[in-house]
Structure formats: C-alpha cells, structure tokens
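Engineer: Structure supplied as final.txt; contents: compact mmCIF, C-alpha atoms.
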# COMPACT_ATOMS: atom_id res chain seq x y z
CA MET Y 86 0.00 0.00 0.00
CA ILE Y 87 1.40 3.40 -1.01
CA GLU Y 88 0.51 6.55 0.90
CA PHE Y 89 0.03 9.62 -1.29
CA LYS Y 90 0.78 12.67 0.87
CA MET Y 91 0.29 16.42 0.66
CA PRO Y 92 3.52 17.59 -1.01
CA ALA Y 93 5.60 20.55 0.10
CA LEU Y 94 5.13 23.20 -2.57
CA GLY Y 95 7.89 25.48 -1.40
CA ALA Y 96 9.48 26.74 1.80
CA ASP Y 97 6.59 29.16 2.35
CA MET Y 98 3.88 26.47 2.40
CA ASP Y 99 2.87 24.68 5.60
CA GLU Y 100 -0.65 23.65 4.60
CA GLY Y 101 -3.09 23.59 1.71
CA THR Y 102 -6.81 23.24 1.09
CA LEU Y 103 -8.03 20.37 -1.07
CA ASN Y 104 -10.16 21.99 -3.77
CA GLU Y 105 -10.94 19.04 -6.01
CA TRP Y 106 -10.30 15.33 -6.47
CA LEU Y 107 -9.73 14.26 -10.06
CA ILE Y 108 -9.69 10.55 -9.17
CA LYS Y 109 -11.92 8.13 -7.30
CA PRO Y 110 -11.41 4.77 -5.59
CA GLY Y 111 -10.72 2.05 -8.15
CA ASP Y 112 -9.13 4.38 -10.72
CA THR Y 113 -5.76 3.42 -12.17
CA VAL Y 114 -3.23 6.25 -11.96
CA SER Y 115 0.10 6.69 -13.74
CA LYS Y 116 3.27 8.63 -12.93
CA GLY Y 117 2.90 12.35 -13.54
CA GLN Y 118 -0.91 12.25 -13.63
CA VAL Y 119 -2.72 15.21 -12.08
CA VAL Y 120 -4.93 13.75 -9.36
CA ALA Y 121 -6.06 16.72 -7.26
CA VAL Y 122 -6.16 20.51 -7.04
CA VAL Y 123 -4.88 22.15 -3.86
CA GLU Y 124 -5.32 25.83 -2.96
CA THR Y 125 -2.34 27.59 -1.38
CA THR Y 126 -1.90 31.24 -0.49
CA LYS Y 127 -0.35 31.85 -3.92
CA ALA Y 128 -2.18 29.66 -6.42
CA ALA Y 129 -4.44 26.73 -7.12
CA VAL Y 130 -1.86 23.99 -7.68
CA GLU Y 131 -2.47 20.83 -9.70
CA ILE Y 132 -1.03 17.96 -7.65
CA GLU Y 133 0.72 15.23 -9.62
CA CYS Y 134 1.11 11.64 -8.45
CA TRP Y 135 4.53 10.05 -8.93
CA HIS Y 136 3.46 6.45 -8.32
CA GLU Y 137 1.58 3.92 -10.42
CA GLY Y 138 -1.26 1.97 -8.90
CA VAL Y 139 -4.95 1.74 -8.21
CA VAL Y 140 -6.66 4.26 -5.93
CA GLY Y 141 -7.61 2.58 -2.68
CA GLU Y 142 -9.15 5.26 -0.48
CA LEU Y 143 -9.41 9.04 -0.51
CA MET Y 144 -8.49 10.10 3.02
CA VAL Y 145 -9.19 13.85 2.85
CA PRO Y 146 -12.53 15.32 1.78
CA VAL Y 147 -12.83 18.25 -0.58
CA GLY Y 148 -12.70 21.57 1.25
CA GLN Y 149 -10.49 20.40 4.13
CA THR Y 150 -7.23 22.19 4.98
CA VAL Y 151 -4.37 19.88 5.96
CA GLU Y 152 -0.68 20.21 6.74
CA VAL Y 153 2.17 19.20 4.45
CA GLY Y 154 2.84 15.47 4.84
CA THR Y 155 -0.78 14.53 5.56
CA VAL Y 156 -1.88 11.35 3.79
CA LEU Y 157 -4.34 12.37 1.08
CA ALA Y 158 -5.03 8.96 -0.44
CA THR Y 159 -3.80 5.38 -0.57
CA LEU Y 160 -2.70 3.52 -3.69
CA MET Y 161 -2.54 -0.23 -4.22
CA GLU Y 162 0.37 -1.63 -6.19
CA ALA Y 163 0.07 -4.30 -8.88
CA GLY Y 164 -1.35 -7.51 -7.44
CA GLU Y 165 -2.37 -5.87 -4.17
CA SER Y 166 -5.97 -5.88 -3.02
CA ALA Y 167 -7.77 -3.52 -0.71
CA PRO Y 168 -7.75 -4.59 2.96
CA ALA Y 169 -10.98 -6.23 4.01
CA ARG Y 170 -13.25 -4.04 6.05
CA PRO Y 171 -14.50 -5.51 9.35
CA THR Y 172 -18.06 -6.80 9.25
CA LYS Y 173 -20.83 -5.15 11.19
CA THR Y 174 -20.85 -8.04 13.68
CA ALA Y 175 -17.09 -7.76 14.21
CA ARG Y 176 -17.36 -4.02 14.79
CA LYS Y 177 -20.09 -4.57 17.41
CA ALA Y 178 -18.02 -7.25 19.14
CA LYS Y 179 -14.98 -4.97 19.31
CA ALA Y 180 -17.08 -2.10 20.63
CA ALA Y 181 -18.46 -4.38 23.36
CA GLN Y 182 -15.00 -5.26 24.69
CA PRO Y 183 -14.16 -3.73 28.11
CA GLY Y 184 -12.26 -0.48 27.86
CA THR Y 185 -13.15 -0.01 24.20
CA ALA Y 186 -14.81 3.28 23.40
CA PRO Y 187 -17.75 3.07 21.01
CA PRO Y 188 -16.96 4.29 17.51
CA ALA Y 189 -17.94 7.84 16.71
CA ARG Y 190 -20.98 8.06 14.50
CA LYS Y 191 -20.77 10.23 11.44
CA PRO Y 192 -23.59 12.78 11.20
CA THR Y 193 -26.20 11.96 8.61
CA PRO Y 194 -27.04 14.86 6.27
CA VAL Y 195 -30.57 16.15 6.08
CA GLY Y 196 -32.73 13.81 4.01
CA GLY Y 197 -30.65 10.74 4.91
CA LYS Y 198 -28.38 11.08 1.88
CA SER Y 199 -24.62 10.84 2.20
CA GLU Y 200 -22.56 13.74 0.92
CA PRO Y 201 -21.11 13.03 -2.54
CA LEU Y 202 -17.35 12.53 -2.81
CA HIS Y 203 -16.98 15.08 -5.60
CA ARG Y 204 -18.22 18.60 -5.75
CA ARG Y 205 -20.12 19.59 -8.83
CA TRP Y 206 -17.92 20.64 -11.69
CA ILE Y 207 -16.36 24.09 -11.33
CA SER Y 208 -13.91 25.33 -13.93
CA PRO Y 209 -10.50 26.29 -12.45
CA ALA Y 210 -10.82 29.75 -14.00
CA ALA Y 211 -14.22 30.23 -12.34
CA ARG Y 212 -12.84 29.09 -8.99
CA ARG Y 213 -9.90 31.49 -9.19
CA LEU Y 214 -12.17 34.39 -10.20
CA ALA Y 215 -14.50 33.62 -7.29
CA ASN Y 216 -11.59 33.57 -4.85
CA SER Y 217 -10.26 36.89 -6.12
CA LEU Y 218 -13.72 38.51 -5.89
CA GLY Y 219 -14.59 37.05 -2.50
CA ILE Y 220 -17.52 35.02 -3.86
CA ASN Y 221 -18.61 31.81 -2.11
CA ILE Y 222 -18.33 29.40 -5.03
CA THR Y 223 -20.58 26.80 -3.37
CA ALA Y 224 -23.46 29.29 -3.42
CA VAL Y 225 -23.13 30.09 -7.13
CA SER Y 226 -25.70 28.51 -9.44
CA GLY Y 227 -24.10 26.79 -12.42
CA THR Y 228 -25.46 27.17 -15.95
CA GLY Y 229 -22.82 25.09 -17.74
CA PRO Y 230 -23.12 21.45 -18.83
CA GLN Y 231 -24.47 19.26 -16.01
CA GLY Y 232 -24.73 22.34 -13.80
CA ALA Y 233 -21.05 23.27 -14.05
CA VAL Y 234 -20.13 26.70 -12.67
CA THR Y 235 -18.58 28.96 -15.31
CA ILE Y 236 -16.85 32.33 -15.28
CA HIS Y 237 -20.11 33.94 -16.44
CA ASP Y 238 -21.91 32.48 -13.41
CA VAL Y 239 -19.30 33.94 -11.06
CA GLU Y 240 -19.52 37.34 -12.75
CA LEU Y 241 -23.31 37.34 -12.30
CA ALA Y 242 -22.92 36.44 -8.63
CA ALA Y 243 -20.34 39.20 -8.17
CA ALA Y 244 -22.63 41.76 -9.75
CA SER Y 245 -25.28 41.11 -7.09
CA ALA Y 246 -22.83 40.89 -4.19
CA LYS Y 247 -22.00 43.74 -1.85
CA PRO Y 248 -19.16 45.90 -3.18
CA GLU Y 249 -17.19 45.56 0.08
CA GLN Y 250 -16.77 41.78 -0.27
CA PRO Y 251 -14.20 41.65 -3.14
CA LYS Y 252 -11.96 44.18 -1.43
CA THR Y 253 -12.07 42.30 1.88
CA ALA Y 254 -11.35 38.92 0.27
CA ALA Y 255 -8.58 40.32 -1.88
CA ALA Y 256 -7.03 42.03 1.13
CA ASP Y 257 -7.18 38.82 3.18
CA ARG Y 258 -5.55 36.82 0.39
CA ALA Y 259 -2.82 39.43 -0.11
CA ALA Y 260 -2.14 39.48 3.63
CA ALA Y 261 -1.87 35.68 3.74
CA MET Y 262 0.57 35.72 0.83
CA ARG Y 263 2.70 38.39 2.48
CA ARG Y 264 2.82 36.27 5.65
CA SER Y 265 3.97 33.24 3.65
CA ILE Y 266 6.66 35.21 1.86
CA ALA Y 267 7.76 36.82 5.11
CA ALA Y 268 8.13 33.43 6.79
CA ALA Y 269 10.20 31.96 3.95
CA MET Y 270 12.44 34.99 3.53
CA SER Y 271 12.94 35.38 7.29
CA ARG Y 272 14.01 31.76 7.43
CA SER Y 273 16.37 32.36 4.49
CA LYS Y 274 18.11 35.34 6.08
CA ARG Y 275 18.19 33.64 9.49
CA GLU Y 276 19.61 30.31 8.33
CA ILE Y 277 21.57 31.00 5.14
CA PRO Y 278 24.91 32.86 5.28
CA HIS Y 279 24.53 34.81 2.05
CA TYR Y 280 27.35 36.27 0.02
CA TYR Y 281 26.85 38.51 -3.00
CA LEU Y 282 28.78 39.08 -6.23
CA ALA Y 283 28.13 41.39 -9.19
CA HIS Y 284 29.48 41.27 -12.73
CA GLU Y 285 28.80 43.61 -15.67
CA ILE Y 286 28.19 41.71 -18.90
CA ARG Y 287 28.34 43.27 -22.35
CA LEU Y 288 25.26 42.39 -24.39
CA GLU Y 289 25.87 43.91 -27.84
CA LYS Y 290 26.82 40.56 -29.44
CA ALA Y 291 23.87 38.74 -27.92
CA LEU Y 292 21.37 41.48 -28.78
CA THR Y 293 22.65 41.87 -32.34
CA TRP Y 294 22.46 38.12 -32.92
CA LEU Y 295 18.97 37.93 -31.39
CA THR Y 296 17.70 40.88 -33.45
CA GLU Y 297 18.85 39.22 -36.68
CA ARG Y 298 17.33 35.91 -35.61
CA ASN Y 299 13.97 37.45 -34.69
CA ALA Y 300 13.80 39.43 -37.94
CA GLN Y 301 13.43 36.14 -39.82
CA ARG Y 302 10.46 35.03 -37.74
CA PRO Y 303 6.87 36.17 -37.18
CA ILE Y 304 6.22 38.18 -34.02
CA THR Y 305 4.60 35.22 -32.26
CA GLU Y 306 7.79 33.15 -32.64
CA ARG Y 307 10.34 35.72 -31.49
CA VAL Y 308 12.53 35.16 -28.46
CA LEU Y 309 13.11 37.68 -25.67
CA PRO Y 310 16.60 38.48 -24.30
CA THR Y 311 15.45 37.01 -20.98
CA VAL Y 312 15.43 33.57 -22.60
CA LEU Y 313 19.08 33.94 -23.63
CA GLN Y 314 19.97 34.79 -20.05
CA LEU Y 315 17.98 31.86 -18.70
CA LYS Y 316 19.67 29.42 -21.09
CA ALA Y 317 23.11 30.82 -20.24
CA VAL Y 318 22.47 30.30 -16.52
CA GLY Y 319 21.27 26.75 -17.15
CA LEU Y 320 24.36 25.79 -19.13
CA ALA Y 321 26.77 27.50 -16.75
CA VAL Y 322 25.28 25.94 -13.62
CA ARG Y 323 25.55 22.49 -15.17
CA GLU Y 324 29.32 23.07 -15.21
CA TYR Y 325 29.33 24.60 -11.71
CA GLY Y 326 26.98 22.11 -10.09
CA GLU Y 327 27.61 23.30 -6.53
CA PHE Y 328 25.18 26.15 -7.23
CA ASN Y 329 22.47 23.77 -8.42
CA GLY Y 330 20.89 21.86 -5.57
CA PHE Y 331 19.82 22.03 -1.95
CA TRP Y 332 21.25 22.46 1.52
CA GLN Y 333 19.56 19.77 3.57
CA GLY Y 334 20.53 18.77 7.06
CA ASP Y 335 24.19 19.68 7.29
CA ALA Y 336 25.26 18.99 3.72
CA PHE Y 337 24.80 20.08 0.13
CA GLN Y 338 22.71 17.76 -2.04
CA PRO Y 339 23.35 18.25 -5.77
CA ALA Y 340 20.29 18.17 -8.02
CA GLN Y 341 19.98 15.61 -10.79
CA GLY Y 342 18.70 18.13 -13.36
CA VAL Y 343 18.71 21.89 -13.87
CA HIS Y 344 15.24 23.20 -13.10
CA ALA Y 345 15.38 26.99 -13.04
CA GLY Y 346 12.84 28.72 -10.84
CA VAL Y 347 11.66 31.91 -12.55
CA ALA Y 348 10.60 34.76 -10.25
CA ILE Y 349 7.19 36.03 -11.44
CA ASN Y 350 5.37 38.99 -9.91
CA LEU Y 351 1.64 38.48 -9.42
CA ARG Y 352 -1.03 41.01 -10.34
CA GLY Y 353 -2.44 41.19 -6.84
CA GLY Y 354 1.01 41.59 -5.29
CA GLY Y 355 3.58 39.07 -4.14
CA LEU Y 356 5.52 36.62 -6.28
CA VAL Y 357 6.09 32.97 -7.08
CA ALA Y 358 9.11 31.20 -8.56
CA PRO Y 359 7.93 28.02 -10.33
CA ALA Y 360 10.40 25.93 -12.31
CA ILE Y 361 11.11 25.44 -15.98
CA HIS Y 362 12.50 21.93 -16.16
CA ASP Y 363 15.70 20.77 -17.90
CA VAL Y 364 16.70 24.24 -19.07
CA PRO Y 365 20.11 23.33 -20.60
CA ASP Y 366 18.55 20.65 -22.82
CA LYS Y 367 15.89 22.85 -24.42
CA LYS Y 368 16.05 24.93 -27.57
CA LEU Y 369 15.44 28.66 -27.32
CA ASP Y 370 12.03 28.40 -28.99
CA ASP Y 371 10.95 25.75 -26.48
CA LEU Y 372 12.20 27.82 -23.56
CA MET Y 373 10.32 30.86 -24.87
CA GLY Y 374 7.13 28.80 -25.08
CA ASP Y 375 7.65 27.39 -21.60
CA LEU Y 376 8.30 30.83 -20.13
CA THR Y 377 5.23 32.38 -21.77
CA ASP Y 378 3.02 29.53 -20.56
CA LEU Y 379 4.46 29.59 -17.05
CA VAL Y 380 3.96 33.34 -16.59
CA ALA Y 381 0.37 33.15 -17.87
CA ARG Y 382 -0.56 30.27 -15.58
CA ALA Y 383 1.22 31.76 -12.57
CA ARG Y 384 -0.73 35.01 -12.89
CA ALA Y 385 -3.94 33.06 -13.43
CA GLY Y 386 -3.21 31.11 -10.24
CA SER Y 387 -2.89 27.69 -11.92
CA LEU Y 388 0.41 25.86 -11.43
CA ARG Y 389 1.54 22.25 -11.09
CA SER Y 390 3.05 20.71 -7.98
CA SER Y 391 6.24 19.68 -9.82
CA GLU Y 392 6.80 23.30 -10.87
CA MET Y 393 6.49 24.53 -7.30
CA SER Y 394 8.39 21.82 -5.45
CA ASP Y 395 11.60 21.21 -7.40
CA PRO Y 396 13.35 24.42 -8.61
CA THR Y 397 17.09 23.82 -8.17
CA ILE Y 398 18.23 27.45 -8.69
CA THR Y 399 16.26 30.68 -9.09
CA VAL Y 400 16.64 33.36 -11.77
CA THR Y 401 15.11 36.80 -11.27
CA ASN Y 402 15.00 39.56 -13.85
CA LEU Y 403 13.89 43.05 -12.86
CA GLY Y 404 15.24 44.78 -15.93
CA ASP Y 405 11.75 45.51 -17.23
CA ARG Y 406 11.10 47.40 -13.98
CA GLY Y 407 14.01 49.75 -14.58
CA VAL Y 408 16.22 48.32 -11.84
CA ASP Y 409 19.96 48.44 -12.55
CA ALA Y 410 20.81 45.49 -10.28
CA VAL Y 411 19.02 43.05 -7.99
CA PHE Y 412 20.58 41.18 -5.06
CA GLY Y 413 18.00 38.54 -4.29
CA VAL Y 414 17.27 36.46 -1.21
CA ILE Y 415 17.90 32.74 -1.67
CA TYR Y 416 14.78 30.56 -1.58
CA PRO Y 417 15.51 27.69 0.83
CA PRO Y 418 16.56 24.94 0.53
CA GLN Y 419 18.20 26.19 -2.69
CA VAL Y 420 21.73 27.59 -2.45
CA ALA Y 421 21.88 30.22 -5.20
CA LEU Y 422 19.95 32.93 -7.04
CA VAL Y 423 21.05 34.77 -10.19
CA GLY Y 424 19.70 38.26 -10.89
CA PHE Y 425 19.67 40.41 -14.02
CA GLY Y 426 19.07 44.15 -14.04
CA LYS Y 427 18.13 46.57 -16.82
CA PRO Y 428 20.22 46.44 -20.01
CA ALA Y 429 21.51 49.97 -20.53
CA GLN Y 430 24.06 51.86 -22.59
CA ARG Y 431 27.17 52.61 -20.59
CA VAL Y 432 30.57 54.12 -21.30
CA CYS Y 433 33.29 51.48 -21.21
CA VAL Y 434 36.99 51.36 -21.93
CA ILE Y 435 37.64 48.59 -24.46
CA GLU Y 436 41.18 47.90 -25.66
CA GLY Y 437 42.30 51.38 -24.70
CA GLY Y 438 39.39 53.14 -26.40
CA ILE Y 439 36.21 54.68 -25.01
CA HIS Y 440 33.02 53.07 -26.30
CA VAL Y 441 29.31 53.22 -25.55
CA VAL Y 442 28.02 49.65 -25.20
CA THR Y 443 24.94 47.90 -23.85
CA THR Y 444 25.61 46.02 -20.64
CA VAL Y 445 23.63 44.31 -17.88
CA GLN Y 446 24.46 44.00 -14.21
CA THR Y 447 24.42 40.29 -13.36
CA THR Y 448 24.44 39.31 -9.70
CA LEU Y 449 24.80 36.15 -7.67
CA SER Y 450 23.39 35.50 -4.21
CA ALA Y 451 24.91 32.29 -2.88
CA ASP Y 452 25.01 30.15 0.26
CA HIS Y 453 28.45 30.32 1.85
CA ARG Y 454 27.95 26.88 3.38
CA ALA Y 455 27.93 25.33 -0.09
CA THR Y 456 30.35 27.58 -2.05
CA ASP Y 457 32.70 30.48 -1.77
CA GLY Y 458 33.32 33.69 -3.70
CA HIS Y 459 36.03 32.23 -5.91
CA ARG Y 460 33.70 29.63 -7.40
CA GLY Y 461 30.93 32.19 -7.58
CA ALA Y 462 33.13 34.49 -9.66
CA LEU Y 463 33.93 31.66 -12.05
CA PHE Y 464 30.23 30.85 -12.34
CA LEU Y 465 29.37 34.45 -13.31
CA ALA Y 466 32.29 34.47 -15.77
CA ALA Y 467 30.88 31.32 -17.40
CA ILE Y 468 27.50 33.04 -17.88
CA ASP Y 469 29.33 36.00 -19.44
CA GLU Y 470 31.27 33.77 -21.83
CA LEU Y 471 28.11 32.04 -23.02
CA LEU Y 472 26.37 35.35 -23.73
CA GLN Y 473 29.37 36.44 -25.81
CA HIS Y 474 28.66 33.44 -28.09
CA PRO Y 475 24.85 33.53 -28.37
CA GLU Y 476 24.80 31.06 -31.26
CA SER Y 477 25.93 28.40 -28.76
CA LEU Y 478 22.65 28.86 -26.89
CA GLU Y 479 20.47 27.97 -29.86
CA THR Y 480 20.39 24.22 -29.23
Can you give me the file's structure in the form of structure tokens?
Structural biologist:
Amino acid sequence: MIEFKMPALGADMDEGTLNEWLIKPGDTVSKGQVVAVVETTKAAVEIECWHEGVVGELMVPVGQTVEVGTVLATLMEAGESAPARPTKTARKAKAAQPGTAPPARKPTPVGGKSEPLHRRWISPAARRLANSLGINITAVSGTGPQGAVTIHDVELAAASAKPEQPKTAAADRAAAMRRSIAAAMSRSKREIPHYYLAHEIRLEKALTWLTERNAQRPITERVLPTVLQLKAVGLAVREYGEFNGFWQGDAFQPAQGVHAGVAINLRGGGLVAPAIHDVPDKKLDDLMGDLTDLVARARAGSLRSSEMSDPTITVTNLGDRGVDAVFGVIYPPQVALVGFGKPAQRVCVIEGGIHVVTTVQTTLSADHRATDGHRGALFLAAIDELLQHPESLET
C-alpha cells in the first residue's frame, strides 16, 4: 500500500486546502498524472502523483485544509488488493470489549443522503475568479453542462454581491501571501549565510544576434533576451553544479537536473518562482514557449506541484522594472539565485578606447555553506562567456 501525501510546494507552504479530487477509488493512476487541485496562499496547484497503482481510499474530503505530509489517499500496487473491512458483527463485538470506546458516529445529512465525494464541476478559471472577488463558489448557481459553474456564473454572482466583499477577500488573500513570503524569507536570512557578487556583462553581441534571428520570424515566434539569459544560466550551472541543488541537514545535495525557478510577480502583489525543467537541454524556442506559458498560468493562479516543489536554482529579472541590479534572497533549501538588471548603454573602456556599449548587471546570491566567492566568480564568468557566443545557446 502506497501513501500519497500532501507535497511541500515550497518553503513558504505549511498547509493547503483540497479543492478538487480528479480521481476516485478504483481508478488506475500513472506517474505524472494530475490527481487533485490544492489551494495555497499563492495559487491553485495541480497535484501530480509520482506512483503507479490503483486508488484505494481518498483520506481527505474536498474543502479540508491539511498540513504538508498529511496522507491524502492510498494507492494499491500491482497484485495488491484492498484490505478487508470488518463486518458489522465484528465491529459490534470490538465495541463491546471492556475499555473499548464506542466508535464515533458520522452525522447523517438532512434527508438521509450521504454527501457526494466530488463537488459539482467548477472550472479552475471560475474558482480562481470567485476567490479573487470574494464570492462563495458553493453558493453560485451553475449554468454550464451538467450544472457546471462557469466564469459567467461567477460574474453574475459578483454583480449582485456587496461591493465591500471583493476588497475584503482580496485584502485577506494578499495578507496571507505576504505572511507566507515573510516566513520563507525570514528563514532564508536567518539560516543562510549569504554572500553577493556582481558582474557587468556586455550584451551587444547577444542582442545583435537575437535581433537578426527574430527578424526572420513572425512576431509570435520571437525570443526575448530574458530567454538567452535563462539558457546561459542553465548551461553554466551544469558546469558549476555546486550552485544547483539544496542544503539539507548539514550537507549540500546536488540536483539531478537543472530546473530553473523563474521569479514572477503576481497582479495582486507578491511573487512565485515556479520551475522550468531541464533548461540546458531545451532549444530557445521551447524555452520561450515554456516561459510564456508559465507566466500566464502563474498570474492566473494555476500551477503544477512539480513546478512549485523542485526548482534547483532561481533566476530573477527586474530589468523591465528599470532596476539596474538586484541582489535577491535565496529561496531555501536552494543555495543560489542569479539576478539580471536593466540592459543599458554605458561608457566602457575597451582595448584602450572609449566606447558606448549595452551592458547588464548580473548578480549572484549564494550560500556560503555550499560555495565560496572564488567559485561564484567563475560561475558568473561562465555566464558571461556564453552570452558572448549567443549562437551556442540555440540548441
């Protein structure tokens, strides 16, 4: 029997609310299958199962909030059968034994009908809209197929609701998110001995190459400079693996792959840093597609558990906000964060001459328990070298 537990979706998550089961007892599940939707302070996260088997029992009802590590369901492996339930006579005999407390009786709903395992169908977009507007989704009448609740139904409910409710719900959600971020970042600064490095990287070669490449493609297929930076970090950290992994217990644990967490600001305030998986192995076009999809889903509040639980290094880019440099706070248990500021024209001395070139301030925040400044400097130099040969990032 396999226990499927509430996963940890980041250092700032202690608990989650089960929004929806996508499986039922008797269903066969495969590795990577989305089996449930859990609401956290930052998003509605699709929970993936990383075991194969047959669903035995769902242990947590929809709507219940449970801590990380709580058993959500049981799975039976191949050839395993569900344990036999005691008969009614056996239960009575056990209850009659001296010192045995009688079993607690479950309340029977009005009308004598048991509560269904699944809620009626509610689209994820409708659920997220209801949460943001402070609408009780269970009280919304559904007009979709089989009574499903749609975005239109939520909008109608919001139109008849009191105007104070959306502001109160939004404020409560924002406050909860700030508390989660505060807890994670306080832990980071309390436990991680940070050190910081900065390196100015010239971008004229990379930008010229990217401009020529994009000119041959339609607008929808063009790649942003951010993707070049992301790929360069992925390739460099594969060479300097001590920046790619986790500090757990009293030792560094290197990661098996390079899954770059991308810092994304949310419309209602706060941020998340879900992962793009296997960054060094992806082509630029694929990375651009992954980044676009990830940003859209993060801001819509719909992410997957694998994206939230396994970033091995974080990349943050505040250049579009006009910031020259960013010195980030490491997201535990990771050991490094790379930041990029605003590309800008600066006066530089190159081979004895004065030139105006486009550069970007690239920074590294690293855990001194895992690395030191010498290796950090080499890591930043490797990112620089890759951006001086942008054609090497294509595949």
Engineer: Which of these, Y:Gln118, Y:Thr443, Y:Ser265, Y:Gln341, has the shortest distance to Glu289 (chain Y) once you count all atoms listed in the file?
Structural biologist: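 The answer is Y:Thr443, which sits nearest to Glu289 (chain Y).
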Engineer: Let me make sure I understand: among Y:Ala259, Y:Ala451, Y:Ile398, Y:Met393, which one has the smallest atom-to-atom distance to Arg352 (chain Y) if we use all atoms listed in the file?
Structural biologist: Y:Ala259
Engineer: Per residue of region 402-455 of chain Y within 12 Å of region 358-364 of chain Y, what are the shortest atom pair and its distance in Å to one decimal, counting only C-alpha atoms, with rows by chain and residue number, as JSON lines?
Structural biologist:
{"residue": "Y:Asn402", "atom": "CA", "partner": "Y:Ala358", "partner_atom": "CA", "distance": 11.5}
{"residue": "Y:Ile415", "atom": "CA", "partner": "Y:Ala358", "partner_atom": "CA", "distance": 11.3}
{"residue": "Y:Tyr416", "atom": "CA", "partner": "Y:Ala358", "partner_atom": "CA", "distance": 9.0}
{"residue": "Y:Pro417", "atom": "CA", "partner": "Y:Ala358", "partner_atom": "CA", "distance": 11.9}
{"residue": "Y:Gln419", "atom": "CA", "partner": "Y:Ala358", "partner_atom": "CA", "distance": 11.9}
{"residue": "Y:Leu422", "atom": "CA", "partner": "Y:Ala358", "partner_atom": "CA", "distance": 11.1}
Engineer: Using all atoms listed in the file, which of Y:Val139, Y:Leu356, Y:Val322, Y:Met86 sits nearest Leu449 (chain Y)?
Structural biologist: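 Between Y:Val139, Y:Leu356, Y:Val322, Y:Met86, the residue approaching Leu449 (chain Y) most closely is Y:Val322.
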Engineer: Can you work out the spacing between CA of Val140 (chain Y) and CA of Met91 (chain Y) in Å, to one decimal?
Structural biologist: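 Here the two named atoms are 15.5 Å from each other.
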Engineer: Here is a test: counting only C-alpha atoms, which residue of Y:Leu372, Y:Leu320, Y:Lys367, Y:Asp378 is nearest to Leu465 (chain Y)?
Structural biologist: Y:Leu320
Engineer: For a quick check of understanding, using only C-alpha atoms, which of Y:Leu288, Y:Val445, Y:Ala410, Y:Val225 has the smallest distance to Gln473 (chain Y)?
Structural biologist: Y:Leu288
Engineer: If I wrap all listed atoms of region 384-400 of chain Y in a box with edges along x, y and z and add 6 Å on each side, what are its centre and edge lengths in Å to one decimal, as JSON?
Structural biologist:
{"center_x": 7.1, "center_y": 27.3, "center_z": -9.4, "size_x": 34.2, "size_y": 27.3, "size_z": 20.0}
Engineer: May I ask which of the residues Y:Val114, Y:Lys127, Y:Gly437, Y:Gly229 is the closest one to Arg384 (chain Y), counting only C-alpha atoms?
Structural biologist: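 For Arg384 (chain Y), the nearest of the candidates is Y:Lys127.
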Engineer: Excluding Val122 (chain Y) and residues on its chain fewer than 3 positions from it, collect all residues at most 8 Å away from it, counting only C-alpha atoms, and give them as a PyMOL selection string.
Structural biologist: chain Y and resi 103-107+129-132
Engineer: Rounded to one decimal place, report the CA of Ala348 (chain Y)-CA of Val400 (chain Y) distance in Å.
Structural biologist: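 It comes out at 6.4 Å.
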Engineer: Just the number, please: distance in Å from CA of Thr228 (chain Y) to CA of Glu133 (chain Y), one decimal.
Structural biologist: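 It comes out at 29.5 Å.
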Engineer: Near region 148-160 of chain Y, counting only C-alpha atoms, which residues have an atom at most 10 Å away, once you skip same-chain residues fewer than 6 positions from it, shown as a ChimeraX atom specification?
Structural biologist: /Y:86-94,98-105,109-114,121,123-125,136-142,166-167,204
Engineer: Which residues are close to Ala128 (chain Y), i.e. within 7 Å by all atoms listed in the file, leaving aside same-chain residues fewer than 4 positions away? Reply as a ChimeraX atom specification.
Structural biologist: /Y:124,386-388
Engineer: Please, can region 150-154 of chain Y be completed to all heavy atoms and returned as a PDB file, in the coordinates of the input?
Structural biologist:
ATOM      1  N   THR Y 150      -8.595  21.673   4.952  1.00  0.00           N
ATOM      2  CA  THR Y 150      -7.230  22.190   4.980  1.00  0.00           C
ATOM      3  C   THR Y 150      -6.370  21.277   5.819  1.00  0.00           C
ATOM      4  O   THR Y 150      -6.720  20.963   6.968  1.00  0.00           O
ATOM      5  CB  THR Y 150      -7.198  23.615   5.563  1.00  0.00           C
ATOM      6  OG1 THR Y 150      -7.999  24.477   4.743  1.00  0.00           O
ATOM      7  CG2 THR Y 150      -5.782  24.159   5.610  1.00  0.00           C
ATOM      8  N   VAL Y 151      -5.248  20.816   5.254  1.00  0.00           N
ATOM      9  CA  VAL Y 151      -4.370  19.880   5.960  1.00  0.00           C
ATOM     10  C   VAL Y 151      -2.928  20.332   5.838  1.00  0.00           C
ATOM     11  O   VAL Y 151      -2.568  21.095   4.937  1.00  0.00           O
ATOM     12  CB  VAL Y 151      -4.516  18.445   5.397  1.00  0.00           C
ATOM     13  CG1 VAL Y 151      -5.910  17.913   5.646  1.00  0.00           C
ATOM     14  CG2 VAL Y 151      -4.189  18.402   3.911  1.00  0.00           C
ATOM     15  N   GLU Y 152      -2.089  19.858   6.730  1.00  0.00           N
ATOM     16  CA  GLU Y 152      -0.680  20.210   6.740  1.00  0.00           C
ATOM     17  C   GLU Y 152       0.098  19.396   5.719  1.00  0.00           C
ATOM     18  O   GLU Y 152      -0.336  18.311   5.292  1.00  0.00           O
ATOM     19  CB  GLU Y 152      -0.091  19.982   8.137  1.00  0.00           C
ATOM     20  CG  GLU Y 152      -0.678  20.873   9.223  1.00  0.00           C
ATOM     21  CD  GLU Y 152      -0.042  20.625  10.569  1.00  0.00           C
ATOM     22  OE1 GLU Y 152       0.730  19.659  10.687  1.00  0.00           O
ATOM     23  OE2 GLU Y 152      -0.309  21.412  11.495  1.00  0.00           O
ATOM     24  N   VAL Y 153       1.264  19.928   5.329  1.00  0.00           N
ATOM     25  CA  VAL Y 153       2.170  19.200   4.450  1.00  0.00           C
ATOM     26  C   VAL Y 153       2.537  17.872   5.102  1.00  0.00           C
ATOM     27  O   VAL Y 153       2.813  17.811   6.296  1.00  0.00           O
ATOM     28  CB  VAL Y 153       3.432  20.033   4.171  1.00  0.00           C
ATOM     29  CG1 VAL Y 153       4.491  19.202   3.463  1.00  0.00           C
ATOM     30  CG2 VAL Y 153       3.085  21.262   3.347  1.00  0.00           C
ATOM     31  N   GLY Y 154       2.520  16.796   4.321  1.00  0.00           N
ATOM     32  CA  GLY Y 154       2.840  15.470   4.840  1.00  0.00           C
ATOM     33  C   GLY Y 154       1.630  14.658   5.230  1.00  0.00           C
ATOM     34  O   GLY Y 154       1.752  13.450   5.506  1.00  0.00           O
TER      35      GLY Y 154
END
